[in-house]
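> Structure below; questions to follow.
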Amino acid sequence: MNTPTHRAGHVAVIGRPNVGKSTLVNALVGAKVSITSNRPQTTRHQLLGIATFPEGQLLLVDTPGIHREQKRAMNRWMNRAARGALEGVDTALLVVRAGQWEDDDALAYDALKNAGVPVVLVVNQVDRLKDKAALLPYLAKVSDGRDFAGVHPISALKRSGLEALVKTVLAQLPEQDAPYGEDEITDKSQRFLAGEMVREQLMRQLGEELPYATTVEIEKFEVDGNLLRIGAVVWVERDGQKAIVIGKGGERLREIGSRARLQMERLFGSKVFLETWVRVREGWSDDEAALRAFGYHD
């Protein structure tokens with residue numbers, strides 16, 4: 001009797017901003033390891049999500065969205081992080097939004113082909129497509145002249161179409177034992193994830209531009225029995241932004257902290273005591289030294 005083949009390997013999740021890459025990673029992992037919001041470029045760091053199945057293990061490399069705009073050091077850093085994720089991966093998922101194919105989608109595809117890795121096209125948000133009859137012509141048009149190892153229409157949010165996608169991706173991976181245990185879901189520390197949970201709330205609750213002028217630094221992370229004591233600093237670029245983040249009577253900052261704390265407790269399985277402060281560092285998002293100090297490393 002033949003032993004079932006077990007496969008494992010690294011899978012880059014690539015695409016332009018705001019197509020649902022992090023939502024897909026979370027859906028495959030079965031836990032929230034990557035923050036999400038409806039704003040482009042929510043993901044800033046390369047993050048490993050570990051998805052374990054009976055047939056194999058996907059080491060999903062969630063990346064910032066590839067984009068042409070490189071006005072600030074932060075934009076340049078995110079593009080480097082996304083392209084750097086292609087080094088040493090076994091295959092890649094190119095995530096696009098159903099019914100759309102833009103210049104940045106083509107940019108991401110070209111980056112993948114230049115890296116020489118097999119590309120599986122993941123057409124996300126098919127549930128939002130008003131004209132379902134347009135899906136097949138769209139898939140034919142996008143696939144024309146492009147070499148995909150598979151094409152999968154899915155809804156990451158509703159977790160539909162994922163089973164077939166996993167089967168295709170596993171077929172691209174080498175036969176080997178799982179590098180991580182079944183209970184492991186990411187390579188990132190709780191300290192890192194805590195900072196991301198605070199930043200997610202900044203992305204979700206602030207205005208159109210302000211989230212891109214904010215970052216989060218965890219100054220304190222202490223384990224006290226079943227209690228985590230966490231101190232988070234929200235960095236902004238101007239005093240006016242500080243006032244907006246804090247809100248009238250501190251109301252907005254309290255709301256951001258409260259929601260982030262609940263997310264942490266859900267993910268960590270511990271009680272969390274969270275303190276938050278807002279501080280100003282002018283021009284941090286266009287300052288390479290500041291980016292390094294805040295944990296943005298190549």
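Here, A, B, ... name the chains of the structure tokens in the order displayed, residue numbers run from 1 inside each chain, and ligands are numbered from 1 in the same displayed order.
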Tell me, as a PDB file with N, CA, C and O atoms, in the first residue's frame, which residues lie within 9 Å of Lys188 of chain A, counting only C-alpha atoms; anything in the same chain fewer than 3 positions away does not count.

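Below you can see part-v3.pdb, which holds the result:
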```
ATOM      1  N   VAL A  33      -3.741  36.039  10.771  1.00  0.00           N
ATOM      2  CA  VAL A  33      -2.318  36.324  10.967  1.00  0.00           C
ATOM      3  C   VAL A  33      -1.892  37.585  10.220  1.00  0.00           C
ATOM      4  O   VAL A  33      -0.841  38.152  10.483  1.00  0.00           O
ATOM      5  N   LEU A  47       5.132  38.564   5.513  1.00  0.00           N
ATOM      6  CA  LEU A  47       4.671  37.766   6.636  1.00  0.00           C
ATOM      7  C   LEU A  47       4.416  36.344   6.178  1.00  0.00           C
ATOM      8  O   LEU A  47       3.874  36.113   5.097  1.00  0.00           O
ATOM      9  N   LEU A  48       4.809  35.365   6.992  1.00  0.00           N
ATOM     10  CA  LEU A  48       4.603  33.964   6.647  1.00  0.00           C
ATOM     11  C   LEU A  48       3.363  33.439   7.354  1.00  0.00           C
ATOM     12  O   LEU A  48       3.276  33.457   8.586  1.00  0.00           O
ATOM     13  N   GLY A  49       2.399  32.979   6.565  1.00  0.00           N
ATOM     14  CA  GLY A  49       1.222  32.306   7.112  1.00  0.00           C
ATOM     15  C   GLY A  49       1.352  30.817   6.837  1.00  0.00           C
ATOM     16  O   GLY A  49       1.632  30.413   5.707  1.00  0.00           O
ATOM     17  N   ILE A 185       1.011  28.865  13.113  1.00  0.00           N
ATOM     18  CA  ILE A 185       0.266  29.568  12.065  1.00  0.00           C
ATOM     19  C   ILE A 185       1.057  30.718  11.430  1.00  0.00           C
ATOM     20  O   ILE A 185       0.666  31.236  10.391  1.00  0.00           O
ATOM     21  N   ARG A 191       4.670  39.878  19.684  1.00  0.00           N
ATOM     22  CA  ARG A 191       4.989  41.311  19.771  1.00  0.00           C
ATOM     23  C   ARG A 191       4.718  41.989  18.425  1.00  0.00           C
ATOM     24  O   ARG A 191       4.086  43.045  18.362  1.00  0.00           O
ATOM     25  N   PHE A 192       5.197  41.382  17.345  1.00  0.00           N
ATOM     26  CA  PHE A 192       4.959  41.927  16.010  1.00  0.00           C
ATOM     27  C   PHE A 192       3.463  41.971  15.709  1.00  0.00           C
ATOM     28  O   PHE A 192       2.937  42.979  15.226  1.00  0.00           O
ATOM     29  N   LEU A 193       2.764  40.861  15.989  1.00  0.00           N
ATOM     30  CA  LEU A 193       1.339  40.791  15.687  1.00  0.00           C
ATOM     31  C   LEU A 193       0.543  41.814  16.482  1.00  0.00           C
ATOM     32  O   LEU A 193      -0.440  42.370  15.987  1.00  0.00           O
TER      33      LEU A 193
END
```
> Near Gly257 of chain A, counting only C-alpha atoms, which residues have an atom at most 8 Å away, once you skip same-chain residues fewer than 4 positions from it, shown as a PyMOL selection string?
chain A and resi 198+253+261+274-276
> Output as number ranges by chain all residues of segment 49-263 of chain A that backbone DSSP marks as strand (DSSP E or B).
A: 49-53, 56-62, 91-97, 119-124, 150-153, 155, 160, 175, 186, 215-224, 227-236
> Nearest residue to Ala106 of chain A out of A:Ala92, A:Ala178, A:Val234, A:Ile14, using only C-alpha atoms?
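Closest candidate: A:Ile14.
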> Can you list every residue in segment 148-179 of chain A that DSSP puts in alpha helix (DSSP H), as a PyMOL selection string?
chain A and resi 162-171
> Write a file of the just-selected residues containing N, CA and C atoms, as a short mmCIF file (atom, residue, chain, number, x, y, z; two decimals), in the first residue's frame.

```
data_model
loop_
_atom_site.label_atom_id
_atom_site.label_comp_id
_atom_site.auth_asym_id
_atom_site.auth_seq_id
_atom_site.Cartn_x
_atom_site.Cartn_y
_atom_site.Cartn_z
N LEU A 162 -11.65 27.43 -2.30
CA LEU A 162 -10.30 27.26 -1.75
C LEU A 162 -9.79 25.83 -1.86
N GLU A 163 -10.69 24.85 -1.78
CA GLU A 163 -10.27 23.45 -1.80
C GLU A 163 -9.55 23.12 -3.11
N ALA A 164 -10.14 23.52 -4.22
CA ALA A 164 -9.52 23.26 -5.53
C ALA A 164 -8.22 24.03 -5.67
N LEU A 165 -8.18 25.25 -5.15
CA LEU A 165 -6.96 26.06 -5.20
C LEU A 165 -5.83 25.38 -4.45
N VAL A 166 -6.11 24.89 -3.25
CA VAL A 166 -5.08 24.22 -2.43
C VAL A 166 -4.53 23.01 -3.17
N LYS A 167 -5.39 22.24 -3.82
CA LYS A 167 -4.97 21.05 -4.56
C LYS A 167 -4.00 21.42 -5.68
N THR A 168 -4.31 22.50 -6.41
CA THR A 168 -3.42 22.95 -7.49
C THR A 168 -2.08 23.42 -6.94
N VAL A 169 -2.12 24.18 -5.85
CA VAL A 169 -0.87 24.72 -5.30
C VAL A 169 0.01 23.61 -4.75
N LEU A 170 -0.59 22.66 -4.03
CA LEU A 170 0.21 21.55 -3.48
C LEU A 170 0.92 20.77 -4.59
N ALA A 171 0.28 20.65 -5.75
CA ALA A 171 0.88 19.91 -6.86
C ALA A 171 2.16 20.58 -7.37
#
```
> Interatomic distance between atom CA of Asp224 of chain A and atom CA of Arg254 of chain A?
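Interatomic distance, atom CA of Asp224 of chain A to atom CA of Arg254 of chain A: 22.7 Å.
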